[in-house]
file upload_16.cif (mmCIF, C-alpha atoms)
data_protein
loop_
_atom_site.label_atom_id
_atom_site.label_comp_id
_atom_site.auth_asym_id
_atom_site.auth_seq_id
_atom_site.Cartn_x
_atom_site.Cartn_y
_atom_site.Cartn_z
CA MET A 25 0.00 0.00 0.00
CA ALA A 26 1.20 3.57 -0.72
CA GLY A 27 2.95 5.31 2.12
CA ASN A 28 1.52 8.73 1.46
CA LEU A 29 -1.99 9.58 2.57
CA THR A 30 -3.38 11.01 -0.65
CA LEU A 31 -6.68 9.87 -2.08
CA VAL A 32 -7.24 10.62 -5.76
CA ILE A 33 -10.81 10.38 -6.98
CA GLU A 34 -12.61 11.45 -10.14
CA GLY A 35 -15.36 13.99 -9.72
CA ALA A 36 -17.84 11.60 -11.33
CA LEU A 37 -17.06 8.87 -8.79
CA LEU A 38 -17.35 11.31 -5.93
CA ALA A 39 -20.73 12.38 -7.30
CA ARG A 40 -21.87 8.74 -7.34
CA MET A 41 -20.75 8.32 -3.74
CA PHE A 42 -22.72 11.44 -2.74
CA ASP A 43 -25.79 10.20 -4.64
CA LEU A 44 -25.72 6.94 -2.69
CA CYS A 45 -25.40 8.79 0.61
CA ARG A 46 -28.29 11.15 -0.20
CA ALA A 47 -30.47 8.25 -1.33
CA ALA A 48 -29.91 6.40 1.95
CA TYR A 49 -30.73 9.40 4.16
CA PRO A 50 -31.84 9.40 6.96
CA GLU A 51 -30.03 6.06 7.20
CA GLU A 52 -26.28 5.51 6.87
CA ALA A 53 -25.10 4.55 3.41
CA CYS A 54 -22.03 2.41 2.86
CA GLY A 55 -19.98 1.09 0.01
CA ALA A 56 -16.58 0.07 -1.25
CA MET A 57 -13.94 1.84 -3.28
CA LEU A 58 -11.82 -0.11 -5.72
CA GLY A 59 -8.59 1.16 -7.20
CA ARG A 60 -4.84 1.00 -6.92
CA ASP A 61 -1.97 2.47 -4.98
CA GLU A 62 0.59 4.50 -6.87
CA ALA A 63 3.49 6.71 -5.90
CA ALA A 64 1.23 9.75 -6.27
CA GLY A 65 -1.38 8.29 -3.94
CA ARG A 66 -4.35 5.97 -3.79
CA VAL A 67 -6.39 6.20 -6.97
CA VAL A 68 -10.06 5.26 -6.78
CA THR A 69 -11.39 3.76 -10.01
CA GLU A 70 -14.78 2.40 -8.99
CA ILE A 71 -17.47 2.89 -6.36
CA VAL A 72 -19.50 -0.19 -5.32
CA ALA A 73 -22.69 0.27 -3.34
CA MET A 74 -23.09 -2.16 -0.46
CA ALA A 75 -26.18 -3.08 1.54
CA ASN A 76 -26.31 -1.71 5.09
CA VAL A 77 -27.55 -4.62 7.21
CA ALA A 78 -27.04 -3.01 10.64
CA GLU A 79 -29.98 -3.20 13.05
CA SER A 80 -29.91 0.53 13.65
CA ARG A 81 -29.19 2.01 10.25
CA ALA A 82 -29.83 5.60 11.41
CA ASN A 83 -26.49 5.62 13.20
CA ARG A 84 -24.74 2.36 12.27
CA PHE A 85 -23.63 0.54 9.18
CA GLU A 86 -22.60 -3.02 8.62
CA THR A 87 -21.98 -4.82 5.35
CA LYS A 88 -22.83 -8.40 4.49
CA PRO A 89 -19.74 -10.64 4.82
CA ARG A 90 -20.86 -12.45 1.67
CA GLN A 91 -20.72 -9.20 -0.31
CA MET A 92 -17.21 -8.59 1.03
CA LEU A 93 -16.22 -12.14 0.07
CA ASP A 94 -17.37 -11.45 -3.49
CA LEU A 95 -15.35 -8.22 -3.57
CA LEU A 96 -12.23 -9.99 -2.35
CA ARG A 97 -12.64 -12.67 -5.00
CA ARG A 98 -12.99 -9.99 -7.63
CA GLU A 99 -9.88 -8.31 -6.23
CA ARG A 100 -7.86 -11.49 -6.66
CA GLU A 101 -9.20 -12.25 -10.13
CA SER A 102 -8.95 -8.75 -11.57
CA GLY A 103 -5.98 -7.29 -9.76
CA VAL A 104 -8.03 -4.19 -8.93
CA ALA A 105 -7.73 -3.74 -5.19
CA VAL A 106 -10.35 -2.93 -2.59
CA VAL A 107 -8.83 0.31 -1.28
CA GLY A 108 -11.45 1.49 1.17
CA PHE A 109 -15.00 1.88 2.37
CA PHE A 110 -17.17 4.96 2.57
CA HIS A 111 -20.16 5.60 4.77
CA SER A 112 -22.38 8.53 5.64
CA HIS A 113 -23.23 10.23 8.92
CA PRO A 114 -26.84 11.52 8.73
CA ASP A 115 -27.09 14.89 10.48
CA HIS A 116 -23.71 14.28 12.09
CA PRO A 117 -20.16 15.52 11.47
CA ALA A 118 -17.85 13.78 9.00
CA LEU A 119 -15.55 12.69 11.79
CA PRO A 120 -14.68 9.10 12.72
CA SER A 121 -16.45 8.00 15.89
CA GLU A 122 -15.22 5.54 18.50
CA THR A 123 -17.49 3.01 16.79
CA ASP A 124 -15.77 3.72 13.49
CA ARG A 125 -12.31 3.42 15.06
CA GLY A 126 -13.14 0.16 16.79
CA ALA A 127 -14.33 -1.50 13.59
CA ALA A 128 -11.82 -0.10 11.09
CA TRP A 129 -8.98 -1.97 9.48
CA PRO A 130 -5.58 -0.42 8.80
CA GLN A 131 -4.61 0.14 5.17
CA TYR A 132 -8.13 0.96 3.98
CA SER A 133 -9.27 4.52 3.26
CA TYR A 134 -12.46 5.55 5.04
CA PRO A 135 -14.32 8.49 3.55
CA ILE A 136 -17.09 9.75 5.82
CA ILE A 137 -19.79 11.91 4.26
CA SER A 138 -21.94 14.16 6.43
CA VAL A 139 -25.50 14.38 5.07
CA VAL A 140 -27.55 17.12 6.73
CA SER A 141 -31.25 17.40 6.01
CA GLY A 142 -30.78 15.19 2.99
CA GLU A 143 -27.92 17.14 1.42
CA VAL A 144 -24.19 16.48 1.49
CA SER A 145 -22.68 18.96 3.89
CA CYS A 146 -19.02 17.97 3.95
CA TRP A 147 -16.78 14.96 3.83
CA ASN A 148 -13.38 13.80 4.92
CA SER A 149 -11.33 10.70 4.30
CA TRP A 150 -9.39 8.89 6.97
CA ARG A 151 -6.95 6.05 7.37
CA LEU A 152 -6.57 4.08 10.61
CA ARG A 153 -3.07 4.09 12.04
CA ASP A 154 -1.34 0.74 11.99
CA ASP A 155 -1.42 0.46 15.77
CA GLY A 156 -5.13 1.33 15.87
CA SER A 157 -4.52 4.32 18.10
CA GLY A 158 -6.34 6.76 15.87
CA TYR A 159 -6.88 8.10 12.38
CA ASP A 160 -4.83 10.24 10.06
CA ALA A 161 -6.68 12.48 7.65
CA GLU A 162 -6.04 11.84 3.98
CA VAL A 163 -5.34 14.59 1.50
CA VAL A 164 -8.00 14.37 -1.18
CA ARG A 165 -7.39 15.27 -4.81
CA ILE A 166 -10.48 15.47 -6.96
CA VAL A 167 -9.57 15.01 -10.61
CA GLU A 168 -11.51 15.24 -13.83
CA ARG A 169 -10.31 11.85 -15.00
CA SER A 170 -7.85 9.40 -13.46
CA LYS A 171 -5.37 7.70 -15.75
CA MET B 1054 -4.44 -31.68 5.48
CA SER B 1055 -2.91 -28.98 3.32
CA VAL B 1056 -5.15 -25.92 3.38
CA LYS B 1057 -4.79 -22.58 1.64
CA VAL B 1058 -5.63 -19.42 3.60
CA LEU B 1059 -6.41 -16.37 1.46
CA LEU B 1060 -5.75 -12.93 2.92
CA PRO B 1061 -7.37 -9.62 1.92
CA THR B 1062 -5.00 -6.99 0.58
CA ALA B 1063 -5.35 -5.01 3.80
CA LEU B 1064 -3.73 -7.79 5.82
CA GLN B 1065 -1.13 -9.02 3.35
CA ARG B 1066 1.51 -6.59 4.57
CA TYR B 1067 1.45 -8.45 7.90
CA ALA B 1068 2.17 -11.72 6.08
CA GLU B 1069 5.25 -10.66 4.11
CA ASN B 1070 2.94 -9.36 1.37
CA LYS B 1071 1.66 -12.84 0.63
CA GLU B 1072 -1.79 -13.21 -0.87
CA GLN B 1073 -2.11 -16.73 0.53
CA VAL B 1074 -0.50 -18.91 3.13
CA GLU B 1075 -0.43 -22.71 3.03
CA VAL B 1076 -0.94 -24.47 6.35
CA ASN B 1077 -1.40 -28.02 7.59
CA ALA B 1078 -4.51 -28.52 9.70
CA SER B 1079 -7.52 -30.72 10.28
CA THR B 1080 -9.87 -28.00 11.54
CA VAL B 1081 -10.44 -24.30 10.89
CA GLY B 1082 -9.11 -23.51 14.36
CA GLU B 1083 -5.90 -25.41 13.70
CA ALA B 1084 -5.50 -23.66 10.37
CA LEU B 1085 -5.78 -20.23 11.98
CA LYS B 1086 -3.35 -21.20 14.72
CA SER B 1087 -0.89 -22.41 12.12
CA LEU B 1088 -1.41 -19.21 10.13
CA ILE B 1089 -0.46 -17.11 13.14
CA GLU B 1090 2.59 -19.27 13.84
CA LYS B 1091 3.76 -18.60 10.31
CA THR B 1092 2.76 -14.93 10.26
CA PRO B 1093 2.72 -13.69 13.88
CA GLN B 1094 2.07 -10.07 12.93
CA LEU B 1095 -1.44 -11.09 11.88
CA ALA B 1096 -2.36 -12.16 15.39
CA ARG B 1097 -3.55 -8.79 16.75
CA HIS B 1098 -5.68 -8.19 13.66
CA LEU B 1099 -7.43 -11.56 13.84
CA PHE B 1100 -7.65 -12.36 17.55
CA ASP B 1101 -8.62 -10.45 20.68
CA ALA B 1102 -6.63 -10.32 23.90
CA GLN B 1103 -8.31 -13.52 25.10
CA GLY B 1104 -7.26 -15.41 21.96
CA ASN B 1105 -10.75 -15.51 20.46
CA ILE B 1106 -11.28 -14.59 16.85
CA ARG B 1107 -12.41 -10.97 16.64
CA SER B 1108 -16.08 -10.36 15.90
CA PHE B 1109 -15.04 -8.29 12.86
CA VAL B 1110 -13.29 -11.27 11.30
CA ASN B 1111 -15.20 -13.80 9.22
CA VAL B 1112 -13.64 -17.05 8.09
CA TYR B 1113 -15.09 -18.66 5.01
CA LEU B 1114 -14.54 -22.27 4.03
CA GLY B 1115 -15.21 -22.12 0.32
CA ASP B 1116 -18.54 -20.33 0.16
CA GLU B 1117 -19.59 -21.13 3.72
CA ASP B 1118 -19.19 -18.82 6.71
CA THR B 1119 -17.63 -21.10 9.34
CA ARG B 1120 -19.52 -19.19 12.04
CA TYR B 1121 -22.59 -21.05 10.81
CA LEU B 1122 -20.79 -24.39 10.56
CA GLN B 1123 -18.81 -25.56 13.57
CA GLY B 1124 -16.67 -22.48 14.01
CA GLY B 1125 -13.08 -23.36 14.88
CA ALA B 1126 -14.05 -27.04 15.09
CA THR B 1127 -15.14 -27.12 11.44
CA PRO B 1128 -13.19 -29.90 9.74
CA VAL B 1129 -11.11 -29.07 6.69
CA ASN B 1130 -10.00 -31.38 3.92
CA ASP B 1131 -6.90 -31.51 1.78
CA GLY B 1132 -7.00 -28.75 -0.81
CA ASP B 1133 -9.65 -26.66 0.98
CA THR B 1134 -9.50 -22.87 0.83
CA LEU B 1135 -10.16 -20.61 3.78
CA THR B 1136 -10.73 -16.92 3.15
CA ILE B 1137 -10.28 -14.27 5.83
CA VAL B 1138 -13.08 -11.75 5.24
CA PRO B 1139 -13.04 -8.54 7.27
CA SER B 1140 -16.39 -7.26 8.47
CA ILE B 1141 -16.92 -3.66 7.47
CA ALA B 1142 -18.91 -1.73 10.03
CA GLY B 1143 -19.06 1.47 12.01
CA GLY B 1144 -21.27 4.48 12.43
CA GLN B 1145 -21.71 7.70 14.25
#
call {"tool": "encode", "arguments": {"input": "upload_16.cif", "output": "structure tokens"}}
result
Amino acid sequence: MAGNLTLVIEGALLARMFDLCRAAYPEEACGAMLGRDEAAGRVVTEIVAMANVAESRANRFETKPRQMLDLLRRERESGVAVVGFFHSHPDHPALPSETDRGAAWPQYSYPIISVVSGEVSCWNSWRLRDDGSGYDAEVVRIVERSK
Amino acid sequence: MSVKVLLPTALQRYAENKEQVEVNASTVGEALKSLIEKTPQLARHLFDAQGNIRSFVNVYLGDEDTRYLQGGATPVNDGDTLTIVPSIAGGQ
């Protein structure tokens, strides 16, 4: 995985991510990002919507293990890596909570999108430190088209 | 029994960047124990302080979630594939 904490994402993919988060409101949306790590940063090439199967979807998200298994198989077969997972915080800041920290895995990018009254308010992307002690914010570059 | 354990990209760096690790075991539990012996850095990501597999870790035997089989006691056969599947969860 790339050492620098830069996330590169096309505007069109970001728009899709926002659409999914707005559509799920007032529940939390979630999904995967596929892409690759390069010297310039982590490049996102695809957004995959995932079902939120948490009991309390207003403030929690949980994906189906079977859907993750399918993504990992696709990762092995295609060489396109699963690079992270996004989710939304309805009417709540785009900051990782203790719940987020406790469930996160190192190496993945975690965009969090704040959706307030049905509209995207702001977003940030985070990566869990290797020792699990906290998150580091990623620098986000929004590009017209990734190579 | 020779069993293949597949690791997600996120955990491969803790296994010398290997995508899969071959172990000898007769149950899922033995396979995971052998995996950790071969790649000790994986231990804290897969097991809690009491040595139990973390709730955010799913272990699939082929297409079956071993949590719904016999868990660590699930028998494995020669040539079987285990896949470590992280649970993705969180929330505000």
call {"tool": "atom_distance", "arguments": {"input": "upload_16.cif", "atom1": "CA of Asp154 (chain A)", "atom2": "CA of Ser138 (chain A)"}}
result
25.2 Å
call {"tool": "resolve_selection", "arguments": {"input": "upload_16.cif", "expression": "the PyMOL selection byres ((chain B) within 12 of (chain A))", "output": "number ranges by chain"}}
result
B: 1059-1067, 1070, 1072-1073, 1094-1095, 1097-1099, 1107-1120, 1135-1145
call {"tool": "write_last_selection", "arguments": {"input": "upload_16.cif", "atoms": "C-alpha atoms", "output": "mmCIF file, keeping the file's coordinate frame"}}
result
data_model
loop_
_atom_site.group_PDB
_atom_site.id
_atom_site.type_symbol
_atom_site.label_atom_id
_atom_site.label_comp_id
_atom_site.auth_asym_id
_atom_site.auth_seq_id
_atom_site.Cartn_x
_atom_site.Cartn_y
_atom_site.Cartn_z
ATOM 1 C CA LEU B 1059 -6.410 -16.370 1.460
ATOM 2 C CA LEU B 1060 -5.750 -12.930 2.920
ATOM 3 C CA PRO B 1061 -7.370 -9.620 1.920
ATOM 4 C CA THR B 1062 -5.000 -6.990 0.580
ATOM 5 C CA ALA B 1063 -5.350 -5.010 3.800
ATOM 6 C CA LEU B 1064 -3.730 -7.790 5.820
ATOM 7 C CA GLN B 1065 -1.130 -9.020 3.350
ATOM 8 C CA ARG B 1066 1.510 -6.590 4.570
ATOM 9 C CA TYR B 1067 1.450 -8.450 7.900
ATOM 10 C CA ASN B 1070 2.940 -9.360 1.370
ATOM 11 C CA GLU B 1072 -1.790 -13.210 -0.870
ATOM 12 C CA GLN B 1073 -2.110 -16.730 0.530
ATOM 13 C CA GLN B 1094 2.070 -10.070 12.930
ATOM 14 C CA LEU B 1095 -1.440 -11.090 11.880
ATOM 15 C CA ARG B 1097 -3.550 -8.790 16.750
ATOM 16 C CA HIS B 1098 -5.680 -8.190 13.660
ATOM 17 C CA LEU B 1099 -7.430 -11.560 13.840
ATOM 18 C CA ARG B 1107 -12.410 -10.970 16.640
ATOM 19 C CA SER B 1108 -16.080 -10.360 15.900
ATOM 20 C CA PHE B 1109 -15.040 -8.290 12.860
ATOM 21 C CA VAL B 1110 -13.290 -11.270 11.300
ATOM 22 C CA ASN B 1111 -15.200 -13.800 9.220
ATOM 23 C CA VAL B 1112 -13.640 -17.050 8.090
ATOM 24 C CA TYR B 1113 -15.090 -18.660 5.010
ATOM 25 C CA LEU B 1114 -14.540 -22.270 4.030
ATOM 26 C CA GLY B 1115 -15.210 -22.120 0.320
ATOM 27 C CA ASP B 1116 -18.540 -20.330 0.160
ATOM 28 C CA GLU B 1117 -19.590 -21.130 3.720
ATOM 29 C CA ASP B 1118 -19.190 -18.820 6.710
ATOM 30 C CA THR B 1119 -17.630 -21.100 9.340
ATOM 31 C CA ARG B 1120 -19.520 -19.190 12.040
ATOM 32 C CA LEU B 1135 -10.160 -20.610 3.780
ATOM 33 C CA THR B 1136 -10.730 -16.920 3.150
ATOM 34 C CA ILE B 1137 -10.280 -14.270 5.830
ATOM 35 C CA VAL B 1138 -13.080 -11.750 5.240
ATOM 36 C CA PRO B 1139 -13.040 -8.540 7.270
ATOM 37 C CA SER B 1140 -16.390 -7.260 8.470
ATOM 38 C CA ILE B 1141 -16.920 -3.660 7.470
ATOM 39 C CA ALA B 1142 -18.910 -1.730 10.030
ATOM 40 C CA GLY B 1143 -19.060 1.470 12.010
ATOM 41 C CA GLY B 1144 -21.270 4.480 12.430
ATOM 42 C CA GLN B 1145 -21.710 7.700 14.250
#
call {"tool": "resolve_selection", "arguments": {"input": "upload_16.cif", "expression": "the PyMOL selection byres ((chain A and resi 43) around 12)", "output": "list in words"}}
result
Ala36, Leu37, Leu38, Ala39, Arg40, Met41, Phe42, Leu44, Cys45, Arg46, Ala47, Ala48, Tyr49, Ala53, Cys54, Gly55, Ile71, Ala73, His111, Ser112, Ile137, Val139, Gly142, Glu143 and Val144 of chain A
call {"tool": "residues_around", "arguments": {"input": "upload_16.cif", "residues": "Val67 (chain A)", "least_positions_apart": "5", "cutoff": "9 Å", "atoms": "only C-alpha atoms", "output": "list of chain:residue names"}}
result
A:Thr30, A:Leu31, A:Val32, A:Ile33, A:Glu34, A:Leu58, A:Gly59, A:Arg60, A:Asp61, A:Glu62, A:Val107, A:Ser170, A:Lys171
call {"tool": "atom_distance", "arguments": {"input": "upload_16.cif", "atom1": "CA of Phe1100 (chain B)", "atom2": "CA of Asn1077 (chain B)"}}
result
19.6 Å
call {"tool": "resolve_selection", "arguments": {"input": "upload_16.cif", "expression": "the PyMOL selection byres ((chain A and resi 168) around 6)", "output": "short mmCIF file (atom, residue, chain, number, x, y, z; two decimals) with C-alpha atoms, in the frame of the given file"}}
result
data_model
loop_
_atom_site.label_atom_id
_atom_site.label_comp_id
_atom_site.auth_asym_id
_atom_site.auth_seq_id
_atom_site.Cartn_x
_atom_site.Cartn_y
_atom_site.Cartn_z
CA GLU A 34 -12.61 11.45 -10.14
CA GLY A 35 -15.36 13.99 -9.72
CA VAL A 167 -9.57 15.01 -10.61
CA ARG A 169 -10.31 11.85 -15.00
#
call {"tool": "atom_distance", "arguments": {"input": "upload_16.cif", "atom1": "CA of Pro50 (chain A)", "atom2": "CA of Ala75 (chain A)"}}
result
14.7 Å
call {"tool": "residues_around", "arguments": {"input": "upload_16.cif", "residues": "Ala1096 (chain B)", "least_positions_apart": "3", "cutoff": "12 Å", "atoms": "all atoms listed in the file", "output": "ChimeraX atom specification"}}
result
/B:1064,1067-1068,1085-1093,1099-1107,1110
call {"tool": "residues_near_point", "arguments": {"input": "upload_16.cif", "point": "(-3.8, -31.0, -0.8)", "cutoff": "6 Å", "atoms": "only C-alpha atoms", "output": "PyMOL selection string"}}
result
chain B and resi 1055+1131-1132
call {"tool": "decode", "arguments": {"input": "upload_16.cif", "residues": "region 50-64 of chain A", "atoms": "N, CA, C and O atoms", "output": "short mmCIF file (atom, residue, chain, number, x, y, z; two decimals), in the first residue's frame"}}
result
data_model
loop_
_atom_site.label_atom_id
_atom_site.label_comp_id
_atom_site.auth_asym_id
_atom_site.auth_seq_id
_atom_site.Cartn_x
_atom_site.Cartn_y
_atom_site.Cartn_z
N PRO A 50 -32.62 9.08 5.76
CA PRO A 50 -31.84 9.40 6.96
C PRO A 50 -31.05 8.22 7.53
O PRO A 50 -30.62 8.27 8.70
N GLU A 51 -30.84 7.17 6.73
CA GLU A 51 -30.03 6.06 7.20
C GLU A 51 -28.59 6.24 6.70
O GLU A 51 -28.31 7.01 5.78
N GLU A 52 -27.67 5.47 7.32
CA GLU A 52 -26.28 5.51 6.87
C GLU A 52 -26.14 4.69 5.60
O GLU A 52 -26.63 3.57 5.51
N ALA A 53 -25.46 5.27 4.63
CA ALA A 53 -25.10 4.55 3.41
C ALA A 53 -23.70 3.96 3.61
O ALA A 53 -22.93 4.43 4.45
N CYS A 54 -23.39 2.95 2.82
CA CYS A 54 -22.03 2.41 2.86
C CYS A 54 -21.70 1.78 1.52
O CYS A 54 -22.59 1.42 0.74
N GLY A 55 -20.41 1.69 1.25
CA GLY A 55 -19.98 1.09 0.01
C GLY A 55 -18.48 0.96 -0.03
O GLY A 55 -17.78 1.41 0.87
N ALA A 56 -18.01 0.33 -1.10
CA ALA A 56 -16.58 0.07 -1.25
C ALA A 56 -15.98 0.94 -2.34
O ALA A 56 -16.69 1.40 -3.24
N MET A 57 -14.70 1.16 -2.23
CA MET A 57 -13.94 1.84 -3.28
C MET A 57 -12.90 0.85 -3.80
O MET A 57 -12.19 0.22 -3.01
N LEU A 58 -12.84 0.74 -5.10
CA LEU A 58 -11.82 -0.11 -5.72
C LEU A 58 -10.81 0.79 -6.40
O LEU A 58 -11.16 1.91 -6.83
N GLY A 59 -9.59 0.34 -6.53
CA GLY A 59 -8.59 1.16 -7.20
C GLY A 59 -7.20 0.57 -7.09
O GLY A 59 -7.04 -0.65 -7.10
N ARG A 60 -6.24 1.45 -6.99
CA ARG A 60 -4.84 1.00 -6.92
C ARG A 60 -4.02 2.05 -6.18
O ARG A 60 -4.37 3.22 -6.12
N ASP A 61 -2.91 1.58 -5.63
CA ASP A 61 -1.97 2.47 -4.98
C ASP A 61 -0.82 2.79 -5.93
O ASP A 61 -0.24 1.89 -6.54
N GLU A 62 -0.52 4.07 -6.04
CA GLU A 62 0.59 4.50 -6.87
C GLU A 62 1.47 5.42 -6.04
O GLU A 62 1.11 5.80 -4.93
N ALA A 63 2.59 5.80 -6.62
CA ALA A 63 3.49 6.71 -5.90
C ALA A 63 2.78 8.03 -5.57
O ALA A 63 3.00 8.61 -4.51
N ALA A 64 1.92 8.47 -6.47
CA ALA A 64 1.23 9.75 -6.27
C ALA A 64 0.10 9.65 -5.24
O ALA A 64 -0.42 10.68 -4.80
#
